[in-house]
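File shown here: input_34.cif, holding mmCIF, C-alpha atoms.
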```
data_start
loop_
_atom_site.label_atom_id
_atom_site.label_comp_id
_atom_site.auth_asym_id
_atom_site.auth_seq_id
_atom_site.Cartn_x
_atom_site.Cartn_y
_atom_site.Cartn_z
CA MET N 1 75.61 55.71 -143.22
CA ARG N 2 74.77 52.87 -140.86
CA ALA N 3 77.03 50.70 -142.99
CA LEU N 4 79.87 53.17 -142.50
CA PHE N 5 79.33 53.27 -138.74
CA LEU N 6 79.35 49.49 -138.50
CA ARG N 7 82.42 49.22 -140.72
CA GLU N 8 84.33 51.69 -138.56
CA LEU N 9 83.35 49.82 -135.39
CA ARG N 10 84.45 46.52 -136.92
CA LEU N 11 87.75 47.99 -138.03
CA ALA N 12 88.40 49.43 -134.58
CA THR N 13 87.72 46.18 -132.79
CA ARG N 14 89.57 43.84 -135.16
CA ALA N 15 93.27 43.13 -135.02
CA GLY N 16 95.33 46.30 -135.21
CA GLY N 17 92.28 48.50 -134.84
CA GLY N 18 93.60 50.23 -131.78
CA ALA N 19 90.33 50.57 -129.88
CA LEU N 20 92.08 49.41 -126.73
CA THR N 21 95.13 51.65 -127.05
CA GLY N 22 93.28 54.66 -125.71
CA VAL N 23 91.77 52.94 -122.72
CA LEU N 24 95.07 51.29 -121.77
CA PHE N 25 96.85 54.63 -121.99
CA PHE N 26 94.13 56.18 -119.84
CA LEU N 27 94.51 53.43 -117.23
CA ALA N 28 98.28 53.85 -117.24
CA VAL N 29 98.20 57.63 -116.80
CA VAL N 30 95.61 57.65 -114.04
CA ALA N 31 96.89 54.59 -112.20
CA THR N 32 100.44 55.93 -111.97
CA MET N 33 99.25 59.28 -110.63
CA PRO N 34 98.81 58.13 -106.98
CA PHE N 35 102.32 56.63 -106.99
CA ALA N 36 103.77 59.93 -108.13
CA LEU N 37 101.78 62.09 -105.76
CA GLY N 38 102.13 59.96 -102.66
CA PRO N 39 99.49 58.58 -100.33
CA ASP N 40 97.76 61.87 -99.57
CA LEU N 41 94.13 60.80 -99.96
CA ASN N 42 92.71 64.31 -99.61
CA LEU N 43 94.99 65.64 -102.32
CA LEU N 44 94.05 62.77 -104.63
CA ALA N 45 90.37 63.33 -104.05
CA ARG N 46 90.79 67.03 -104.70
CA ILE N 47 92.64 66.70 -108.00
CA GLY N 48 90.80 63.54 -109.09
CA PRO N 49 88.40 65.11 -111.62
CA ALA N 50 91.24 67.06 -113.24
CA VAL N 51 93.42 63.95 -113.49
CA LEU N 52 90.61 61.95 -115.06
CA TRP N 53 89.89 64.72 -117.54
CA ILE N 54 93.53 65.20 -118.57
CA GLY N 55 93.95 61.44 -118.91
CA ALA N 56 90.84 61.17 -121.04
CA LEU N 57 91.83 64.15 -123.17
CA LEU N 58 95.28 62.78 -123.95
CA ALA N 59 94.02 59.24 -124.43
CA SER N 60 91.35 60.32 -126.86
CA LEU N 61 93.96 62.16 -128.93
CA LEU N 62 95.72 58.83 -129.46
CA GLY N 63 94.62 57.21 -132.64
CA LEU N 64 92.98 60.36 -133.97
CA ASP N 65 95.71 60.73 -136.58
CA ARG N 66 94.62 57.41 -138.09
CA LEU N 67 91.03 58.60 -138.49
CA PHE N 68 91.49 59.45 -142.17
CA GLN N 69 95.05 58.34 -142.78
CA ALA N 70 94.17 54.65 -142.80
CA ASP N 71 91.48 55.35 -145.39
CA ARG N 72 93.88 57.38 -147.45
CA GLU N 73 96.54 54.68 -147.47
CA ASP N 74 94.24 52.03 -148.90
CA GLY N 75 92.44 54.31 -151.33
CA SER N 76 89.09 54.29 -149.51
CA LEU N 77 89.30 58.01 -148.89
CA ASP N 78 89.15 58.77 -152.62
CA VAL N 79 86.00 56.74 -152.95
CA LEU N 80 84.46 58.30 -149.83
CA VAL N 81 85.20 61.78 -151.19
CA LEU N 82 83.75 60.88 -154.59
CA THR N 83 80.53 59.66 -152.99
CA ALA N 84 79.97 63.19 -151.68
CA ASP N 85 76.97 63.74 -153.97
CA ARG N 86 75.12 60.91 -152.28
CA HIS N 87 76.41 61.32 -148.74
CA MET N 88 77.47 64.82 -147.81
CA LEU N 89 81.15 64.57 -146.91
CA GLY N 90 80.61 66.40 -143.63
CA LEU N 91 78.08 63.76 -142.63
CA THR N 92 80.52 61.00 -143.54
CA VAL N 93 83.10 62.67 -141.29
CA LEU N 94 80.54 63.02 -138.49
CA ILE N 95 79.73 59.31 -138.67
CA LYS N 96 83.42 58.43 -138.64
CA CYS N 97 83.89 60.64 -135.58
CA LEU N 98 80.96 59.04 -133.79
CA ALA N 99 82.26 55.57 -134.57
CA HIS N 100 85.74 56.56 -133.38
CA TRP N 101 84.22 57.92 -130.20
CA THR N 102 82.13 54.81 -129.60
CA ALA N 103 85.01 52.43 -130.16
CA SER N 104 87.92 54.29 -128.56
CA VAL N 105 86.57 56.93 -126.18
CA LEU N 106 83.41 55.43 -124.74
CA PRO N 107 85.48 52.70 -123.04
CA LEU N 108 87.39 55.50 -121.26
CA VAL N 109 84.17 56.97 -119.97
CA ILE N 110 83.13 53.55 -118.73
CA ALA N 111 86.51 53.02 -117.05
CA ALA N 112 86.44 56.44 -115.41
CA PRO N 113 84.31 55.48 -112.35
CA VAL N 114 86.67 52.64 -111.48
CA LEU N 115 89.65 54.94 -111.69
CA GLY N 116 87.74 57.48 -109.64
CA LEU N 117 87.81 54.96 -106.80
CA VAL N 118 91.57 54.63 -107.20
CA LEU N 119 91.80 58.38 -106.76
CA ASN N 120 89.66 58.32 -103.61
CA MET N 121 86.96 60.50 -105.17
CA GLU N 122 83.54 60.88 -103.58
CA ALA N 123 80.59 59.17 -105.24
CA VAL N 124 79.10 62.49 -106.35
CA ALA N 125 82.39 63.63 -107.86
CA ILE N 126 82.79 60.31 -109.68
CA GLY N 127 79.28 60.60 -111.07
CA ALA N 128 79.74 64.20 -112.14
CA THR N 129 83.11 63.55 -113.79
CA THR N 130 81.79 60.54 -115.67
CA LEU N 131 78.81 62.56 -116.85
CA THR N 132 80.96 65.48 -118.01
CA LEU N 133 83.30 63.06 -119.79
CA LEU N 134 80.33 61.47 -121.51
CA VAL N 135 79.07 64.83 -122.70
CA GLY N 136 82.42 66.51 -123.37
CA THR N 137 84.64 63.88 -125.02
CA PRO N 138 82.69 63.79 -128.32
CA ALA N 139 83.72 67.43 -128.77
CA ILE N 140 87.38 66.33 -128.68
CA ALA N 141 86.69 63.80 -131.43
CA PHE N 142 85.00 66.49 -133.57
CA VAL N 143 87.89 68.93 -133.14
CA GLY N 144 90.30 66.07 -133.64
CA ALA N 145 88.74 65.27 -137.00
CA VAL N 146 89.80 68.70 -138.23
CA GLY N 147 93.40 68.09 -137.16
CA ALA N 148 93.33 64.59 -138.64
CA ALA N 149 91.98 65.91 -141.94
CA VAL N 150 94.58 68.66 -142.16
CA ALA N 151 97.41 66.25 -141.39
CA VAL N 152 96.07 63.38 -143.49
CA GLY N 153 98.78 63.68 -146.12
CA LEU N 154 101.67 63.73 -143.69
CA PRO N 155 103.41 60.44 -142.93
CA ARG N 156 104.05 61.24 -139.24
CA GLY N 157 101.05 63.41 -138.65
CA GLY N 158 100.33 62.18 -135.13
CA VAL N 159 102.27 64.85 -133.27
CA LEU N 160 100.98 67.59 -135.52
CA VAL N 161 97.40 66.46 -134.92
CA SER N 162 97.92 66.68 -131.16
CA VAL N 163 99.53 70.12 -131.43
CA LEU N 164 96.70 71.37 -133.66
CA VAL N 165 93.95 69.87 -131.59
CA LEU N 166 95.08 70.52 -128.02
CA PRO N 167 94.54 74.31 -127.99
CA LEU N 168 91.09 73.87 -129.49
CA ALA N 169 90.23 71.22 -126.91
CA ILE N 170 91.21 73.43 -123.96
CA PRO N 171 87.76 75.05 -123.59
CA VAL N 172 86.22 71.59 -123.40
CA LEU N 173 88.71 70.66 -120.68
CA ILE N 174 88.07 73.85 -118.72
CA PHE N 175 84.31 73.52 -118.64
CA GLY N 176 84.43 69.76 -118.14
CA VAL N 177 86.66 70.06 -115.10
CA SER N 178 84.85 73.07 -113.66
CA ALA N 179 81.50 71.31 -113.92
CA SER N 180 82.97 68.24 -112.20
CA TYR N 181 84.31 70.41 -109.36
CA ALA N 182 81.09 72.36 -109.07
CA ALA N 183 79.25 69.14 -108.31
CA VAL N 184 81.17 68.70 -105.04
CA ASN N 185 82.20 72.23 -104.09
CA GLU N 186 79.25 74.14 -102.68
CA PRO N 187 78.19 76.90 -103.61
CA ASP N 188 79.52 76.60 -107.17
CA PRO N 189 76.64 75.87 -109.55
CA PHE N 190 76.98 72.67 -111.59
CA LEU N 191 74.53 73.47 -114.34
CA PRO N 192 76.06 76.53 -116.10
CA PRO N 193 79.47 75.01 -116.90
CA PHE N 194 77.82 71.71 -117.73
CA LEU N 195 75.44 73.35 -120.19
CA ILE N 196 78.29 75.29 -121.79
CA LEU N 197 80.12 71.97 -122.16
CA ALA N 198 77.07 70.46 -123.85
CA ALA N 199 76.80 73.52 -126.08
CA LEU N 200 80.49 73.21 -127.02
CA THR N 201 79.95 69.60 -128.04
CA MET N 202 76.94 70.47 -130.18
CA PHE N 203 78.66 73.47 -131.72
CA LEU N 204 81.76 71.44 -132.59
CA ALA N 205 79.61 68.59 -133.91
CA VAL N 206 78.57 70.99 -136.67
CA ILE N 207 81.75 73.01 -137.22
CA GLY N 208 84.28 70.19 -136.85
CA PRO N 209 83.00 67.76 -139.49
CA ALA N 210 82.25 70.59 -141.93
CA ALA N 211 85.78 71.94 -141.58
CA ALA N 212 87.30 68.47 -141.77
CA ALA N 213 85.31 67.75 -144.94
CA LEU N 214 86.67 70.93 -146.53
CA ALA N 215 90.22 69.96 -145.59
CA LEU N 216 89.74 66.46 -147.02
CA ARG N 217 88.28 67.83 -150.22
CA TYR N 218 91.48 69.76 -150.90
CA SER N 219 93.94 67.24 -149.51
CA ALA N 220 93.71 64.91 -152.51
CA ASP N 221 96.78 64.57 -154.65
CA MET O 1 75.09 60.59 -171.61
CA ARG O 2 78.40 62.01 -172.72
CA LEU O 3 81.65 62.86 -170.98
CA ILE O 4 83.44 65.74 -172.67
CA ALA O 5 86.88 67.15 -171.94
CA GLU O 6 87.97 70.38 -173.57
CA LYS O 7 91.55 71.59 -173.48
CA LEU O 8 91.97 69.85 -170.17
CA SER O 9 95.27 70.46 -168.38
CA GLY O 10 96.55 68.96 -165.19
CA GLU O 11 99.41 69.57 -162.83
CA ARG O 12 101.05 67.87 -159.89
CA GLY O 13 102.63 70.04 -157.23
CA GLY O 14 102.67 73.04 -159.57
CA GLN O 15 104.40 71.05 -162.31
CA PRO O 16 102.33 70.74 -165.49
CA VAL O 17 101.89 67.08 -166.40
CA PHE O 18 99.63 67.27 -169.42
CA ALA O 19 97.95 70.03 -171.35
CA ASP O 20 95.14 70.54 -173.82
CA VAL O 21 93.66 67.07 -173.76
CA ASP O 22 90.39 66.77 -175.65
CA PHE O 23 88.14 63.77 -175.75
CA SER O 24 84.52 62.89 -175.91
CA LEU O 25 83.11 59.69 -174.52
CA GLY O 26 79.57 58.62 -175.32
CA ALA O 27 77.40 55.78 -174.07
CA GLY O 28 79.01 52.47 -174.96
CA ASP O 29 82.37 54.03 -175.74
CA ALA O 30 85.72 53.21 -174.25
CA ILE O 31 88.96 55.14 -174.29
CA ALA O 32 92.28 53.62 -173.41
CA VAL O 33 94.67 56.24 -172.10
CA THR O 34 98.20 55.14 -172.92
CA GLY O 35 101.63 56.65 -172.66
CA PRO O 36 104.92 56.25 -170.84
CA ASN O 37 105.32 56.50 -167.06
CA GLY O 38 104.83 60.04 -165.88
CA ALA O 39 102.83 61.05 -168.93
CA GLY O 40 99.94 62.04 -166.67
CA LYS O 41 97.54 59.13 -167.16
CA SER O 42 96.67 58.81 -163.48
CA THR O 43 96.55 62.58 -163.06
CA LEU O 44 94.12 62.79 -165.97
CA LEU O 45 91.84 60.22 -164.34
CA ARG O 46 91.98 62.03 -161.00
CA VAL O 47 91.20 65.35 -162.67
CA VAL O 48 88.26 63.80 -164.51
CA ALA O 49 86.98 62.23 -161.29
CA GLY O 50 87.27 65.58 -159.56
CA LEU O 51 89.84 64.48 -157.00
CA LEU O 52 92.28 67.03 -158.38
CA PRO O 53 91.40 70.46 -159.71
CA ALA O 54 92.00 70.98 -163.41
CA ALA O 55 94.85 73.37 -164.15
CA GLY O 56 93.03 74.53 -167.26
CA GLY O 57 90.15 73.64 -169.53
CA LYS O 58 87.19 71.69 -168.28
CA VAL O 59 85.55 68.33 -168.21
CA ARG O 60 81.81 67.89 -167.95
CA LEU O 61 79.12 65.29 -168.07
CA GLU O 62 76.19 65.94 -170.38
CA GLY O 63 72.83 64.27 -170.08
CA GLY O 64 73.37 62.91 -166.59
CA GLY O 65 70.01 64.27 -165.50
CA ASP O 66 68.97 64.33 -161.88
CA ALA O 67 70.42 60.92 -161.15
CA PHE O 68 73.97 61.92 -162.04
CA PRO O 69 74.44 65.66 -161.62
CA THR O 70 78.23 65.46 -161.46
CA ILE O 71 80.94 63.28 -162.92
CA ALA O 72 81.81 61.94 -159.47
CA SER O 73 78.24 60.81 -158.88
CA ALA O 74 78.22 58.92 -162.18
CA ALA O 75 81.64 57.36 -161.85
CA HIS O 76 83.32 54.39 -160.30
CA TYR O 77 86.92 55.33 -159.64
CA LEU O 78 89.31 52.41 -159.45
CA GLY O 79 92.72 53.81 -158.60
CA HIS O 80 96.06 52.15 -157.98
CA LEU O 81 94.81 51.28 -154.54
CA ASN O 82 91.99 48.87 -153.99
CA ALA O 83 89.99 50.79 -151.37
CA MET O 84 89.55 47.67 -149.24
CA LYS O 85 90.32 47.11 -145.57
CA PRO O 86 92.78 44.28 -144.89
CA THR O 87 91.16 43.25 -141.59
CA LEU O 88 87.63 42.93 -142.96
CA THR O 89 86.63 39.93 -145.00
CA VAL O 90 86.25 40.25 -148.75
CA ALA O 91 82.48 39.99 -148.46
CA GLU O 92 82.32 42.58 -145.65
CA ASN O 93 84.34 45.01 -147.71
CA LEU O 94 82.06 44.62 -150.70
CA ASP O 95 78.92 44.68 -148.57
CA PHE O 96 80.02 48.00 -147.19
CA TRP O 97 80.71 49.57 -150.59
CA ARG O 98 77.47 48.19 -151.96
CA ASP O 99 75.53 49.74 -149.10
CA PHE O 100 77.44 52.99 -149.02
CA SER O 101 77.71 53.70 -152.73
CA GLY O 102 74.00 53.36 -153.39
CA ASP O 103 72.35 52.24 -156.66
CA ALA O 104 72.97 48.65 -155.65
CA ASP O 105 73.39 46.28 -158.55
CA ILE O 106 74.12 42.55 -158.35
CA ALA O 107 74.57 40.85 -154.98
CA VAL O 108 78.00 40.56 -153.43
CA GLY O 109 78.12 36.76 -153.77
CA GLU O 110 77.25 36.98 -157.41
CA ALA O 111 79.86 39.67 -158.05
CA LEU O 112 82.50 37.50 -156.37
CA GLU O 113 81.48 34.55 -158.55
CA THR O 114 81.82 36.77 -161.60
CA VAL O 115 85.41 37.66 -160.80
CA GLY O 116 86.17 34.07 -159.82
CA LEU O 117 86.47 34.59 -156.08
CA GLY O 118 83.24 32.90 -155.02
CA ALA O 119 84.98 30.56 -152.60
CA ILE O 120 86.98 33.07 -150.61
CA GLY O 121 84.46 35.71 -149.62
CA HIS O 122 84.92 34.78 -145.95
CA LEU O 123 88.69 35.43 -145.90
CA PRO O 124 90.14 38.69 -144.60
CA PHE O 125 91.09 40.88 -147.54
CA GLY O 126 94.67 41.11 -146.25
CA TYR O 127 95.24 37.37 -146.84
CA LEU O 128 94.66 37.63 -150.58
CA SER O 129 97.28 37.69 -153.32
CA SER O 130 97.64 40.96 -155.19
CA GLY O 131 95.78 39.59 -158.20
CA GLN O 132 92.91 38.45 -156.00
CA LYS O 133 92.87 41.85 -154.32
CA ARG O 134 92.58 43.51 -157.69
CA ARG O 135 89.72 41.21 -158.62
CA THR O 136 87.95 42.12 -155.39
CA ALA O 137 88.35 45.78 -156.30
CA ILE O 138 86.89 44.98 -159.71
CA ALA O 139 83.95 43.31 -158.01
CA ARG O 140 83.26 46.67 -156.36
CA LEU O 141 82.49 48.06 -159.82
CA LEU O 142 79.78 45.44 -160.16
CA VAL O 143 77.95 45.72 -156.84
CA SER O 144 76.73 49.24 -157.44
CA ARG O 145 75.70 50.73 -160.73
CA ARG O 146 77.62 53.62 -162.29
CA PRO O 147 77.60 54.52 -165.99
CA LEU O 148 81.19 55.73 -166.06
CA TRP O 149 84.17 53.61 -165.06
CA LEU O 150 87.43 55.44 -164.45
CA LEU O 151 90.06 52.74 -164.28
CA ASP O 152 93.71 53.25 -163.44
CA GLU O 153 95.80 50.27 -164.55
CA PRO O 154 92.90 47.93 -163.86
CA THR O 155 94.67 44.81 -165.07
CA ALA O 156 98.11 45.49 -163.60
CA ALA O 157 98.20 42.52 -161.21
CA LEU O 158 95.91 40.19 -163.12
CA ASP O 159 96.90 36.96 -164.83
CA ALA O 160 95.95 36.40 -168.47
CA GLU O 161 92.78 34.51 -167.63
CA SER O 162 91.51 37.15 -165.20
CA ALA O 163 92.41 39.89 -167.65
CA ARG O 164 90.25 38.15 -170.25
CA GLN O 165 87.43 37.90 -167.73
CA PHE O 166 87.77 41.57 -167.01
CA SER O 167 87.67 42.39 -170.73
CA ALA O 168 84.38 40.54 -170.91
CA LEU O 169 83.08 42.54 -167.95
CA MET O 170 84.04 45.78 -169.65
CA GLU O 171 82.34 44.68 -172.89
CA ASN O 172 79.28 43.87 -170.84
CA HIS O 173 79.35 47.27 -169.21
CA ARG O 174 79.61 49.01 -172.59
CA ALA O 175 76.84 46.91 -174.05
CA GLY O 176 74.64 48.26 -171.26
CA GLY O 177 75.44 51.82 -172.28
CA GLY O 178 78.36 52.26 -169.91
CA MET O 179 81.44 54.37 -170.55
CA ILE O 180 85.02 53.44 -169.77
CA LEU O 181 88.07 55.64 -169.43
CA ALA O 182 91.02 53.46 -168.60
CA ALA O 183 94.68 54.27 -168.13
CA THR O 184 96.74 51.29 -169.08
CA HIS O 185 100.04 49.88 -170.29
CA LEU O 186 98.55 46.59 -171.33
CA PRO O 187 96.08 46.01 -174.13
CA LEU O 188 92.61 46.05 -172.63
CA GLY O 189 91.26 43.52 -175.08
CA ILE O 190 88.10 45.39 -175.89
CA ASN O 191 86.89 46.04 -179.39
CA GLY O 192 86.76 49.48 -180.85
CA ALA O 193 88.32 51.29 -177.94
CA GLU O 194 89.76 54.61 -178.90
CA GLU O 195 93.28 55.33 -177.82
CA LEU O 196 94.33 58.54 -176.19
CA ARG O 197 98.11 58.76 -176.27
CA MET O 198 99.61 61.03 -173.70
CA GLY O 199 103.05 62.48 -173.21
CA GLU O 200 103.99 62.78 -176.90
CA ALA O 201 103.34 66.45 -177.43
CA ALA O 202 104.96 67.40 -174.14
#
```
Please go through the file and, once you have read it, give me the structure as structure tokens.
Amino acid sequence: MRALFLRELRLATRAGGGALTGVLFFLAVVATMPFALGPDLNLLARIGPAVLWIGALLASLLGLDRLFQADREDGSLDVLVLTADRHMLGLTVLIKCLAHWTASVLPLVIAAPVLGLVLNMEAVAIGATTLTLLVGTPAIAFVGAVGAAVAVGLPRGGVLVSVLVLPLAIPVLIFGVSASYAAVNEPDPFLPPFLILAALTMFLAVIGPAAAALALRYSAD
Amino acid sequence: MRLIAEKLSGERGGQPVFADVDFSLGAGDAIAVTGPNGAGKSTLLRVVAGLLPAAGGKVRLEGGGDAFPTIASAAHYLGHLNAMKPTLTVAENLDFWRDFSGDADIAVGEALETVGLGAIGHLPFGYLSSGQKRRTAIARLLVSRRPLWLLDEPTAALDAESARQFSALMENHRAGGGMILAATHLPLGINGAEELRMGEAA
């Protein structure tokens, strides 16, 4: 399993791996926001957490469609599926999701504080948003794996993956953003939405890979 | 250990491709599955591996014991595709499969020597010629131990010399009690292989 994780990381960081696509997209979306909204610093600070979350959500959907498709195109997927007696397929999917998250989404989380400054956010809001992104974005990868597994056989599955995944990722977005806001807006409590966000991630960490494994099992042709 | 297929039928997209195939493969045996294009050779291999559901009949592995409870766990499946990543080096690819597949056998370097690629383990897989790619995929069969080899056109891109080398590898595998089910157009060059002709009855 460690070998799989390392392989996925290597693939993501080598030529054509696309680890940087997500973070560049995230930078582009968030950095253009102030130009579109105008120089109203209070407005920017107010909508900052939401902008960061939407940017991160959309950016982490990029590249999800390749999660299994690349393996399918070179035949690796068959071998991964056939190894299911040694490594439960759901676990294989989980590791692939974690590697995808580490390579493509973690950089977004790291870039988020810098972009928070661009959006004139307070230090507390920046901290809270980064923390919620750190806890919440893995859930998007786990849901995304289901979409990627369902669309694995389709040549242009990217759009379909986004359409399938977005509605399922909405709860993550809602609780992520509301926890970020609660950190700065007294008297809203920070902890309840944050804990629900953490629960969502853990819940989806179990359901997502299991469902994706089922979809992969029956996608072979 | 014995691989037995009884009245096995397969279909692709609801279209029957082959029906009522029977065979029995014991330790040290080899079967060459032959037949024209579209006769269902690849489909048969995928059904046997468990990648496709059988449309009828069944295929089972007897005597696998705890080590090999299912056909998939006992099999190396070498399909049309090589299951290697173009951006990783040849050695990295094989290292990964050796680690991931379990039951590690000979070392990666040694396997590459065996298929005649000892000098290019450091190159990205994508730089290789199609014959070299195929040989790398064959090296995957060697780095982890499986009693059953399911091979789909294993020698398609190989030159005569490499094909001979591969025949020797298959003989070696059978001598160690291995089983081979290979779909092929070309003679495999192994002694005493049974032939399963497909697509004649249909």
task: Please provide as JSON, numbers by chain all residues within 7 Å of segment 48-61 of chain O, with the sequence filter that same-chain residues fewer than 4 positions apart are discarded (counting only C-alpha atoms).
output: {"N": [220, 221], "O": [2, 3, 4, 5, 6, 7, 8, 9, 10, 11, 44, 70, 71, 72]}
Kindly provide the residues of chain O that approach chain N to within 9 Å, each paired with its closest atom pair and their distance in Å to one decimal, based on only C-alpha atoms, listed by chain and increasing number, as a Markdown table.
```
| residue | atom | partner | partner_atom | distance |
| --- | --- | --- | --- | --- |
| O:Arg12 | CA | N:Asp221 | CA | 7.5 |
| O:Gly13 | CA | N:Asp221 | CA | 8.4 |
| O:Thr43 | CA | N:Asp221 | CA | 8.6 |
| O:Arg46 | CA | N:Asp221 | CA | 8.4 |
| O:Ala49 | CA | N:Leu82 | CA | 7.6 |
| O:Gly50 | CA | N:Leu82 | CA | 7.7 |
| O:Leu51 | CA | N:Ala220 | CA | 5.9 |
| O:Leu52 | CA | N:Asp221 | CA | 6.3 |
| O:Pro53 | CA | N:Tyr218 | CA | 8.8 |
| O:Phe68 | CA | N:Asp85 | CA | 8.8 |
| O:Pro69 | CA | N:Asp85 | CA | 8.3 |
| O:Thr70 | CA | N:Asp85 | CA | 7.8 |
| O:Ala72 | CA | N:Leu82 | CA | 5.4 |
| O:Ser73 | CA | N:Asp85 | CA | 5.9 |
| O:Ala75 | CA | N:Leu82 | CA | 8.3 |
| O:His76 | CA | N:Val79 | CA | 8.2 |
| O:Tyr77 | CA | N:Val79 | CA | 6.9 |
| O:Leu78 | CA | N:Val79 | CA | 8.5 |
| O:Gly79 | CA | N:Gly75 | CA | 7.3 |
| O:His80 | CA | N:Gly75 | CA | 7.9 |
| O:Leu81 | CA | N:Gly75 | CA | 5.0 |
| O:Asn82 | CA | N:Gly75 | CA | 6.1 |
| O:Ala83 | CA | N:Ser76 | CA | 4.1 |
| O:Met84 | CA | N:Asp74 | CA | 6.4 |
| O:Lys85 | CA | N:Asp74 | CA | 7.1 |
| O:Pro86 | CA | N:Asp74 | CA | 8.8 |
| O:Thr87 | CA | N:Arg14 | CA | 6.6 |
| O:Leu88 | CA | N:Leu11 | CA | 7.1 |
| O:Glu92 | CA | N:Arg7 | CA | 8.3 |
| O:Asn93 | CA | N:Arg7 | CA | 8.4 |
| O:Asp95 | CA | N:Ala3 | CA | 8.4 |
| O:Phe96 | CA | N:Ala3 | CA | 5.8 |
| O:Trp97 | CA | N:Ala3 | CA | 8.5 |
| O:Asp99 | CA | N:Ala3 | CA | 6.4 |
| O:Phe100 | CA | N:Ala3 | CA | 6.5 |
| O:Ser101 | CA | N:Thr83 | CA | 6.6 |
| O:Gly102 | CA | N:Arg86 | CA | 7.7 |
```
Could you write out that same residue set with C-alpha atoms as an mmCIF file, keeping the file's coordinate frame?
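Final output, saved to again-v4.cif:
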```
data_model
loop_
_atom_site.group_PDB
_atom_site.id
_atom_site.type_symbol
_atom_site.label_atom_id
_atom_site.label_comp_id
_atom_site.auth_asym_id
_atom_site.auth_seq_id
_atom_site.Cartn_x
_atom_site.Cartn_y
_atom_site.Cartn_z
ATOM 1 C CA ARG O 12 101.050 67.870 -159.890
ATOM 2 C CA GLY O 13 102.630 70.040 -157.230
ATOM 3 C CA THR O 43 96.550 62.580 -163.060
ATOM 4 C CA ARG O 46 91.980 62.030 -161.000
ATOM 5 C CA ALA O 49 86.980 62.230 -161.290
ATOM 6 C CA GLY O 50 87.270 65.580 -159.560
ATOM 7 C CA LEU O 51 89.840 64.480 -157.000
ATOM 8 C CA LEU O 52 92.280 67.030 -158.380
ATOM 9 C CA PRO O 53 91.400 70.460 -159.710
ATOM 10 C CA PHE O 68 73.970 61.920 -162.040
ATOM 11 C CA PRO O 69 74.440 65.660 -161.620
ATOM 12 C CA THR O 70 78.230 65.460 -161.460
ATOM 13 C CA ALA O 72 81.810 61.940 -159.470
ATOM 14 C CA SER O 73 78.240 60.810 -158.880
ATOM 15 C CA ALA O 75 81.640 57.360 -161.850
ATOM 16 C CA HIS O 76 83.320 54.390 -160.300
ATOM 17 C CA TYR O 77 86.920 55.330 -159.640
ATOM 18 C CA LEU O 78 89.310 52.410 -159.450
ATOM 19 C CA GLY O 79 92.720 53.810 -158.600
ATOM 20 C CA HIS O 80 96.060 52.150 -157.980
ATOM 21 C CA LEU O 81 94.810 51.280 -154.540
ATOM 22 C CA ASN O 82 91.990 48.870 -153.990
ATOM 23 C CA ALA O 83 89.990 50.790 -151.370
ATOM 24 C CA MET O 84 89.550 47.670 -149.240
ATOM 25 C CA LYS O 85 90.320 47.110 -145.570
ATOM 26 C CA PRO O 86 92.780 44.280 -144.890
ATOM 27 C CA THR O 87 91.160 43.250 -141.590
ATOM 28 C CA LEU O 88 87.630 42.930 -142.960
ATOM 29 C CA GLU O 92 82.320 42.580 -145.650
ATOM 30 C CA ASN O 93 84.340 45.010 -147.710
ATOM 31 C CA ASP O 95 78.920 44.680 -148.570
ATOM 32 C CA PHE O 96 80.020 48.000 -147.190
ATOM 33 C CA TRP O 97 80.710 49.570 -150.590
ATOM 34 C CA ASP O 99 75.530 49.740 -149.100
ATOM 35 C CA PHE O 100 77.440 52.990 -149.020
ATOM 36 C CA SER O 101 77.710 53.700 -152.730
ATOM 37 C CA GLY O 102 74.000 53.360 -153.390
#
```
query: Which residues match the PyMOL selection byres ((chain N and resi 169-185) around 8) in the file above, as a ChimeraX atom specification?
result: /N:49-50,53-54,57,124-125,128-129,132-133,136,139-140,143,165-168,186-194,196-197,200
Adding 6 Å on each side of the box along x, y and z that holds all listed atoms of segment 50-58 of chain N, could you give its centre and edge lengths in Å to one decimal, as AutoDock Vina command-line options?
```
--center_x 92.6 --center_y 64.1 --center_z -118.6 --size_x 17.4 --size_y 17.9 --size_z 22.7
```
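One distance worth recording is that between atom CA of Leu37 of chain N and atom CA of Val51 of chain N, which is 11.5 Å.
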Interatomic distance (Å, one decimal) between atom CA of Leu216 of chain N and atom CA of Leu89 of chain N: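 Separation between atom CA of Leu216 of chain N and atom CA of Leu89 of chain N: 8.8 Å.
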- prompt: Quick one: which residues end up in the PyMOL selection byres ((chain O and resi 28) around 12) for this structure, as a PyMOL selection string?
  reply: chain O and resi 1-3+24-27+29-31+147-149+170-181+190-194
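In this structure, atom CA of Leu158 of chain O sits 7.7 Å away from atom CA of Arg135 of chain O.
Distance annotation: of O:Val90, O:Ala182, O:Leu188, O:Ala74, the residue with the minimal separation from Gly126 of chain O is O:Val90; atom set is only C-alpha atoms.
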query: From the list O:Thr136, O:Leu142, O:Leu123, O:Gly189, which residue is nearest Ala160 of chain O when using only C-alpha atoms?
result: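 Among O:Thr136, O:Leu142, O:Leu123, O:Gly189, it is O:Gly189 that comes nearest to Ala160 of chain O.
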field: Ala45 of chain N surroundings by only C-alpha atoms, 7 Å radius, close-in-sequence under 6 positions cut, as a VMD selection string
entry: chain N and resid 119 to 121
Write the residues of the selection above to a file with C-alpha atoms, as a CSV table (one decimal), keeping the file's coordinate frame.
```csv
chain,number,residue,atom,x,y,z
N,119,LEU,CA,91.8,58.4,-106.8
N,120,ASN,CA,89.7,58.3,-103.6
N,121,MET,CA,87.0,60.5,-105.2
```
